[in-house]
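Asker: Input structure: start.pdb, which contains PDB, C-alpha atoms and all ligand atoms.
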MODEL        1
ATOM      1  CA  MET K 330       0.066  -9.810  15.453  1.00  0.00           C
ATOM      2  CA  ALA K 331       3.644  -9.663  16.806  1.00  0.00           C
ATOM      3  CA  LEU K 332       6.391  -9.235  14.221  1.00  0.00           C
ATOM      4  CA  THR K 333       9.189 -11.778  13.875  1.00  0.00           C
ATOM      5  CA  GLN K 334      12.773 -10.599  14.273  1.00  0.00           C
ATOM      6  CA  GLU K 335      13.267 -10.988  10.501  1.00  0.00           C
ATOM      7  CA  GLN K 336      10.202  -8.861   9.736  1.00  0.00           C
ATOM      8  CA  LYS K 337      11.305  -6.198  12.187  1.00  0.00           C
ATOM      9  CA  GLN K 338      14.771  -6.124  10.597  1.00  0.00           C
ATOM     10  CA  GLN K 339      13.303  -5.954   7.109  1.00  0.00           C
ATOM     11  CA  TYR K 340      10.831  -3.164   7.989  1.00  0.00           C
ATOM     12  CA  THR K 341      13.565  -1.217   9.777  1.00  0.00           C
ATOM     13  CA  GLU K 342      15.744  -1.331   6.665  1.00  0.00           C
ATOM     14  CA  GLU K 343      12.764  -0.313   4.540  1.00  0.00           C
ATOM     15  CA  LEU K 344      12.025   2.618   6.844  1.00  0.00           C
ATOM     16  CA  LEU K 345      15.644   3.809   6.863  1.00  0.00           C
ATOM     17  CA  ALA K 346      15.754   3.622   3.056  1.00  0.00           C
ATOM     18  CA  TYR K 347      12.529   5.636   2.892  1.00  0.00           C
ATOM     19  CA  ILE K 348      13.964   8.302   5.210  1.00  0.00           C
ATOM     20  CA  GLU K 349      17.070   8.597   3.005  1.00  0.00           C
ATOM     21  CA  GLU K 350      14.873   8.808  -0.085  1.00  0.00           C
ATOM     22  CA  LEU K 351      12.846  11.682   1.387  1.00  0.00           C
ATOM     23  CA  LYS K 352      15.959  13.463   2.656  1.00  0.00           C
ATOM     24  CA  ALA K 353      17.458  13.283  -0.841  1.00  0.00           C
ATOM     25  CA  THR K 354      14.508  15.308  -2.194  1.00  0.00           C
ATOM     26  CA  GLY K 355      15.583  18.175   0.085  1.00  0.00           C
ATOM     27  CA  GLU K 356      11.976  18.751   1.090  1.00  0.00           C
ATOM     28  CA  GLN K 357      11.076  20.079   4.531  1.00  0.00           C
ATOM     29  CA  GLY K 358       8.526  18.480   6.829  1.00  0.00           C
ATOM     30  CA  ILE K 359       9.356  14.834   6.242  1.00  0.00           C
ATOM     31  CA  LEU K 360       8.439  13.769   9.777  1.00  0.00           C
ATOM     32  CA  MET K 361       4.747  13.062   9.050  1.00  0.00           C
ATOM     33  CA  PRO K 362       5.306  10.903   5.950  1.00  0.00           C
ATOM     34  CA  VAL K 363       8.081   9.004   7.743  1.00  0.00           C
ATOM     35  CA  MET K 364       5.801   8.349  10.719  1.00  0.00           C
ATOM     36  CA  GLN K 365       2.968   7.246   8.424  1.00  0.00           C
ATOM     37  CA  LYS K 366       5.335   4.858   6.706  1.00  0.00           C
ATOM     38  CA  ALA K 367       6.502   3.465  10.061  1.00  0.00           C
ATOM     39  CA  GLN K 368       2.930   3.092  11.330  1.00  0.00           C
ATOM     40  CA  GLY K 369       2.041   1.194   8.137  1.00  0.00           C
ATOM     41  CA  LEU K 370       5.051  -1.102   8.418  1.00  0.00           C
ATOM     42  CA  PHE K 371       5.079  -1.837  12.139  1.00  0.00           C
ATOM     43  CA  GLY K 372       1.380  -1.338  12.927  1.00  0.00           C
ATOM     44  CA  HIS K 373       2.332   0.912  15.849  1.00  0.00           C
ATOM     45  CA  LEU K 374       5.151   3.183  16.997  1.00  0.00           C
ATOM     46  CA  PRO K 375       6.982   1.789  20.047  1.00  0.00           C
ATOM     47  CA  LEU K 376       9.772   3.801  21.655  1.00  0.00           C
ATOM     48  CA  ASP K 377      12.634   2.146  19.728  1.00  0.00           C
ATOM     49  CA  ILE K 378      10.955   3.055  16.433  1.00  0.00           C
ATOM     50  CA  GLN K 379      10.336   6.624  17.632  1.00  0.00           C
ATOM     51  CA  VAL K 380      14.053   6.904  18.433  1.00  0.00           C
ATOM     52  CA  LEU K 381      14.943   5.499  15.015  1.00  0.00           C
ATOM     53  CA  ILE K 382      12.682   8.061  13.340  1.00  0.00           C
ATOM     54  CA  ALA K 383      14.066  10.941  15.422  1.00  0.00           C
ATOM     55  CA  ASP K 384      17.665   9.955  14.572  1.00  0.00           C
ATOM     56  CA  GLY K 385      16.824   9.506  10.907  1.00  0.00           C
ATOM     57  CA  VAL K 386      14.889  12.728  10.496  1.00  0.00           C
ATOM     58  CA  GLY K 387      17.170  14.717  12.806  1.00  0.00           C
ATOM     59  CA  CYS K 388      14.674  15.916  15.399  1.00  0.00           C
ATOM     60  CA  PRO K 389      14.194  15.326  19.133  1.00  0.00           C
ATOM     61  CA  VAL K 390      12.351  12.120  20.016  1.00  0.00           C
ATOM     62  CA  THR K 391       9.907  14.275  21.991  1.00  0.00           C
ATOM     63  CA  ASP K 392       8.740  15.763  18.652  1.00  0.00           C
ATOM     64  CA  VAL K 393       8.017  12.278  17.327  1.00  0.00           C
ATOM     65  CA  TYR K 394       6.212  11.357  20.524  1.00  0.00           C
ATOM     66  CA  GLY K 395       4.204  14.588  20.422  1.00  0.00           C
ATOM     67  CA  VAL K 396       2.992  13.924  16.884  1.00  0.00           C
ATOM     68  CA  ALA K 397       2.315  10.245  17.648  1.00  0.00           C
ATOM     69  CA  THR K 398       0.094  11.092  20.593  1.00  0.00           C
ATOM     70  CA  PHE K 399      -1.660  14.036  18.900  1.00  0.00           C
ATOM     71  CA  TYR K 400      -2.937  12.328  15.751  1.00  0.00           C
ATOM     72  CA  ALA K 401      -5.365   9.415  16.029  1.00  0.00           C
ATOM     73  CA  GLN K 402      -3.821   7.755  12.949  1.00  0.00           C
ATOM     74  CA  PHE K 403      -0.770   6.853  15.055  1.00  0.00           C
ATOM     75  CA  SER K 404      -0.704   4.289  17.819  1.00  0.00           C
ATOM     76  CA  LEU K 405       1.953   3.665  20.470  1.00  0.00           C
ATOM     77  CA  THR K 406       0.689   0.173  21.216  1.00  0.00           C
ATOM     78  CA  PRO K 407      -0.171  -2.665  18.831  1.00  0.00           C
ATOM     79  CA  LYS K 408      -3.712  -2.708  17.496  1.00  0.00           C
ATOM     80  CA  GLY K 409      -5.881  -5.794  17.183  1.00  0.00           C
ATOM     81  CA  ASP K 410      -6.725  -7.612  13.951  1.00  0.00           C
ATOM     82  CA  TYR K 411     -10.213  -6.096  14.164  1.00  0.00           C
ATOM     83  CA  ILE K 412     -10.635  -2.422  14.953  1.00  0.00           C
ATOM     84  CA  ILE K 413     -14.061  -1.705  16.395  1.00  0.00           C
ATOM     85  CA  SER K 414     -15.064   1.945  16.077  1.00  0.00           C
ATOM     86  CA  VAL K 415     -18.202   2.915  17.947  1.00  0.00           C
ATOM     87  CA  CYS K 416     -19.377   6.336  16.820  1.00  0.00           C
ATOM     88  CA  THR K 417     -20.125   8.710  19.661  1.00  0.00           C
ATOM     89  CA  GLY K 418     -20.855  11.670  17.392  1.00  0.00           C
ATOM     90  CA  THR K 419     -23.988  13.681  18.170  1.00  0.00           C
ATOM     91  CA  ALA K 420     -26.523  11.770  16.038  1.00  0.00           C
ATOM     92  CA  CYS K 421     -25.313   8.414  17.310  1.00  0.00           C
ATOM     93  CA  PHE K 422     -25.014   9.612  20.881  1.00  0.00           C
ATOM     94  CA  VAL K 423     -28.606  10.862  20.918  1.00  0.00           C
ATOM     95  CA  LEU K 424     -29.807   7.467  19.679  1.00  0.00           C
ATOM     96  CA  GLY K 425     -27.974   5.431  22.310  1.00  0.00           C
ATOM     97  CA  ALA K 426     -24.367   5.013  21.146  1.00  0.00           C
ATOM     98  CA  GLN K 427     -23.114   5.066  24.726  1.00  0.00           C
ATOM     99  CA  LEU K 428     -25.193   1.975  25.547  1.00  0.00           C
ATOM    100  CA  VAL K 429     -23.789   0.242  22.458  1.00  0.00           C
ATOM    101  CA  LEU K 430     -20.249   1.175  23.440  1.00  0.00           C
ATOM    102  CA  ASP K 431     -20.863  -0.007  27.015  1.00  0.00           C
ATOM    103  CA  GLU K 432     -22.032  -3.359  25.659  1.00  0.00           C
ATOM    104  CA  VAL K 433     -18.912  -3.758  23.474  1.00  0.00           C
ATOM    105  CA  VAL K 434     -16.741  -2.879  26.486  1.00  0.00           C
ATOM    106  CA  LYS K 435     -18.618  -5.413  28.629  1.00  0.00           C
ATOM    107  CA  GLU K 436     -18.399  -8.181  26.016  1.00  0.00           C
ATOM    108  CA  LEU K 437     -14.677  -7.754  25.361  1.00  0.00           C
ATOM    109  CA  GLY K 438     -13.579  -6.745  28.852  1.00  0.00           C
ATOM    110  CA  ILE K 439     -11.451  -3.840  27.603  1.00  0.00           C
ATOM    111  CA  ASN K 440     -11.906  -0.074  27.451  1.00  0.00           C
ATOM    112  CA  PRO K 441     -11.792   2.199  24.387  1.00  0.00           C
ATOM    113  CA  GLY K 442      -8.187   2.578  23.242  1.00  0.00           C
ATOM    114  CA  GLU K 443      -7.298  -0.919  24.476  1.00  0.00           C
ATOM    115  CA  THR K 444      -6.656  -4.224  22.719  1.00  0.00           C
ATOM    116  CA  THR K 445      -7.733  -7.661  23.896  1.00  0.00           C
ATOM    117  CA  ALA K 446      -4.943  -9.865  25.269  1.00  0.00           C
ATOM    118  CA  ASP K 447      -5.212 -12.231  22.276  1.00  0.00           C
ATOM    119  CA  GLY K 448      -4.575  -9.299  19.914  1.00  0.00           C
ATOM    120  CA  LYS K 449      -7.898  -9.808  18.167  1.00  0.00           C
ATOM    121  CA  PHE K 450      -9.940  -6.665  18.930  1.00  0.00           C
ATOM    122  CA  THR K 451      -9.188  -3.004  19.580  1.00  0.00           C
ATOM    123  CA  ILE K 452     -11.976  -0.640  20.610  1.00  0.00           C
ATOM    124  CA  GLN K 453     -11.842   2.919  19.345  1.00  0.00           C
ATOM    125  CA  ASP K 454     -14.031   5.786  20.345  1.00  0.00           C
ATOM    126  CA  THR K 455     -14.841   7.634  17.128  1.00  0.00           C
ATOM    127  CA  ARG K 456     -16.582  10.852  16.158  1.00  0.00           C
ATOM    128  CA  CYS K 457     -19.055  10.926  13.236  1.00  0.00           C
ATOM    129  CA  LEU K 458     -18.379   8.159  10.737  1.00  0.00           C
ATOM    130  CA  GLY K 459     -20.374  10.026   8.098  1.00  0.00           C
ATOM    131  CA  CYS K 460     -23.435   7.777   8.046  1.00  0.00           C
ATOM    132  CA  CYS K 461     -25.622   9.453  10.671  1.00  0.00           C
ATOM    133  CA  GLY K 462     -28.794   8.158   8.950  1.00  0.00           C
ATOM    134  CA  LEU K 463     -27.826   4.732  10.281  1.00  0.00           C
ATOM    135  CA  ALA K 464     -27.238   5.930  13.853  1.00  0.00           C
ATOM    136  CA  PRO K 465     -26.135   4.498  16.150  1.00  0.00           C
ATOM    137  CA  VAL K 466     -23.293   3.142  14.054  1.00  0.00           C
ATOM    138  CA  MET K 467     -20.155   1.119  14.588  1.00  0.00           C
ATOM    139  CA  THR K 468     -17.597  -0.303  12.179  1.00  0.00           C
ATOM    140  CA  ILE K 469     -15.416  -3.379  12.476  1.00  0.00           C
ATOM    141  CA  ASN K 470     -12.529  -2.736  10.103  1.00  0.00           C
ATOM    142  CA  ASP K 471     -14.389  -1.718   6.889  1.00  0.00           C
ATOM    143  CA  LYS K 472     -17.759  -3.253   7.694  1.00  0.00           C
ATOM    144  CA  VAL K 473     -20.500  -0.876   8.861  1.00  0.00           C
ATOM    145  CA  TYR K 474     -23.197  -1.862  11.354  1.00  0.00           C
ATOM    146  CA  GLY K 475     -26.109   0.568  11.717  1.00  0.00           C
ATOM    147  CA  LYS K 476     -29.256   1.105  13.762  1.00  0.00           C
ATOM    148  CA  LEU K 477     -27.632  -0.850  16.551  1.00  0.00           C
ATOM    149  CA  LYS K 478     -29.110  -1.955  19.804  1.00  0.00           C
ATOM    150  CA  PRO K 479     -26.968  -3.217  22.694  1.00  0.00           C
ATOM    151  CA  ALA K 480     -28.618  -6.625  22.295  1.00  0.00           C
ATOM    152  CA  ASP K 481     -27.107  -6.935  18.771  1.00  0.00           C
ATOM    153  CA  ILE K 482     -23.503  -6.758  19.954  1.00  0.00           C
ATOM    154  CA  LYS K 483     -23.002 -10.273  21.240  1.00  0.00           C
ATOM    155  CA  ASP K 484     -23.997 -11.918  17.933  1.00  0.00           C
ATOM    156  CA  ILE K 485     -22.023  -9.437  15.844  1.00  0.00           C
ATOM    157  CA  LEU K 486     -18.827 -10.072  17.805  1.00  0.00           C
ATOM    158  CA  ALA K 487     -19.376 -13.838  17.789  1.00  0.00           C
ATOM    159  CA  ALA K 488     -19.095 -13.742  13.974  1.00  0.00           C
ATOM    160  CA  TYR K 489     -15.413 -12.766  14.369  1.00  0.00           C
TER     161      TYR K 489
HETATM  162  S1  LIG H 501     -22.779  10.900  14.377  1.00  0.00           S
HETATM  163 FE1  LIG H 501     -22.423   8.779  14.163  1.00  0.00          FE
HETATM  164  S2  LIG H 501     -22.258   8.527  12.043  1.00  0.00           S
HETATM  165 FE2  LIG H 501     -22.551  10.623  12.265  1.00  0.00          FE
ENDMDL
END
Give the structure from this file in structure tokens form.
Answerer:
Amino acid sequence: MALTQEQKQQYTEELLAYIEELKATGEQGILMPVMQKAQGLFGHLPLDIQVLIADGVGCPVTDVYGVATFYAQFSLTPKGDYIISVCTGTACFVLGAQLVLDEVVKELGINPGETTADGKFTIQDTRCLGCCGLAPVMTINDKVYGKLKPADIKDILAAY
């Protein structure tokens, strides 16, 4: 969901206040918490926000970019309302996760890491979700779907 100008202004002020708050503690290593805060507020970290963070924290923007692209918790592009994570960990892979993932890709017409044009779905490739007994597994936001077959995907997605 795109932010309004007012929301963007409000979140920017909130982020700057948070940076000042952390700086006032004198603690080192404030980049990660600042980036987590920004990700939570804006839903992703576009270049202008990376620059804002770099200026605020006092580090090169390349450091912010490096962290943003290294950790899966950060995203440079907006994510959809529904995040679909298809597990391709070993247990799921052995039981056909790739076929499930292929079916999700086919149904939505996007690849893992991408978001549908209407901003509704994002597909994520994920390693072990911790419920291997249900393999192959996928989640849509917090809901878990287990023992999946490619034929199940169409109906599951239609419910959203
Ligand atoms: S490997 Fe898929 S849940 Fe563990």
Asker: Determine the residue membership of the PyMOL selection byres (((chain K and resi 471-473) around 10) and not hetatm) for the file above and supply it as an MDAnalysis selection string.
Answerer: chainID K and resid 411:414 458 460 463 466:470 474:475
Asker: Please write out the residues within 9 Å of ligand LIG 501 (chain H) as a list in words, counting all atoms listed in the file.
Answerer: Val415, Cys416, Thr417, Gly418, Thr419, Ala420, Cys421, Phe422, Val423, Ala426, Thr455, Arg456, Cys457, Leu458, Gly459, Cys460, Cys461, Gly462, Leu463, Ala464, Pro465, Val466, Met467 and Gly475 of chain K
Asker: Could you list, as a count of residues only, every residue within 12 Å of Leu351 (chain K), counting only C-alpha atoms and ignoring same-chain residues fewer than 2 positions away?
Answerer: 20
Asker: With the PyMOL selection byres (((chain K and resi 392) around 12) and not hetatm) as the selection, what would be picked from this file? Answer as a list in words, please.
Answerer: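 Output of the PyMOL selection byres (((chain K and resi 392) around 12) and not hetatm): Leu360, Met361, Met364, Gln379, Val380, Ile382, Ala383, Asp384, Val386, Gly387, Cys388, Pro389, Val390, Thr391, Val393, Tyr394, Gly395, Val396, Ala397, Thr398 and Phe399 of chain K.
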Asker: I need the residue nearest Ala331 (chain K) from this list: K:Pro375, K:Gly438, K:Gly369, K:Pro407. Use all atoms listed in the file for the distance.
Answerer: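 With all atoms listed in the file as the atom set, the closest residue is K:Pro407.
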Asker: With all atoms listed in the file as the basis for distance, which of K:His373, K:Lys352, K:Lys478, K:Lys435 is at the shortest distance from Ala401 (chain K)?
Answerer: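 For Ala401 (chain K), the nearest of the given residues is K:His373.
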Asker: Within 9 Å of Val434 (chain K), counting only C-alpha atoms, which residues show up once you throw out same-chain ones fewer than 6 positions away? Write them as JSON, numbers by chain, please.
Answerer: {"K": [440, 441, 452]}
Asker: Enter the distance from CA of Val433 (chain K) to CA of Leu376 (chain K), in Å, rounded to one decimal.
Answerer: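 Computed distance, CA of Val433 (chain K) to CA of Leu376 (chain K), equals 29.7 Å.
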Asker: Taking only C-alpha atoms into account, which of K:Ile439, K:Leu381, K:Pro479, K:Leu486 comes nearest Gly425 (chain K)?
Answerer: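 Of K:Ile439, K:Leu381, K:Pro479, K:Leu486, the one nearest Gly425 (chain K) is K:Pro479, counting only C-alpha atoms.
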Asker: In Å to one decimal, how far is CA of Tyr489 (chain K) from CA of Lys337 (chain K)?
Answerer: 27.6 Å
Asker: Determine the residue set returned by the PyMOL selection byres (((chain K and resi 409) around 10) and not hetatm) for the present structure, and present it as a ChimeraX atom specification.
Answerer: /K:330,372,406-408,410-413,443-452
Asker: Suppose you want the space between CA of Leu374 (chain K) and CA of Gln402 (chain K); what is it in Å?
Answerer: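 Interatomic distance here is 10.9 Å.
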Asker: Calculated over only C-alpha atoms, which of the candidates K:Ile482, K:Glu432, K:Phe371, K:Gln365 has the smallest distance to Glu342 (chain K)?
Answerer: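 So, comparing all the options, the nearest one is K:Phe371.
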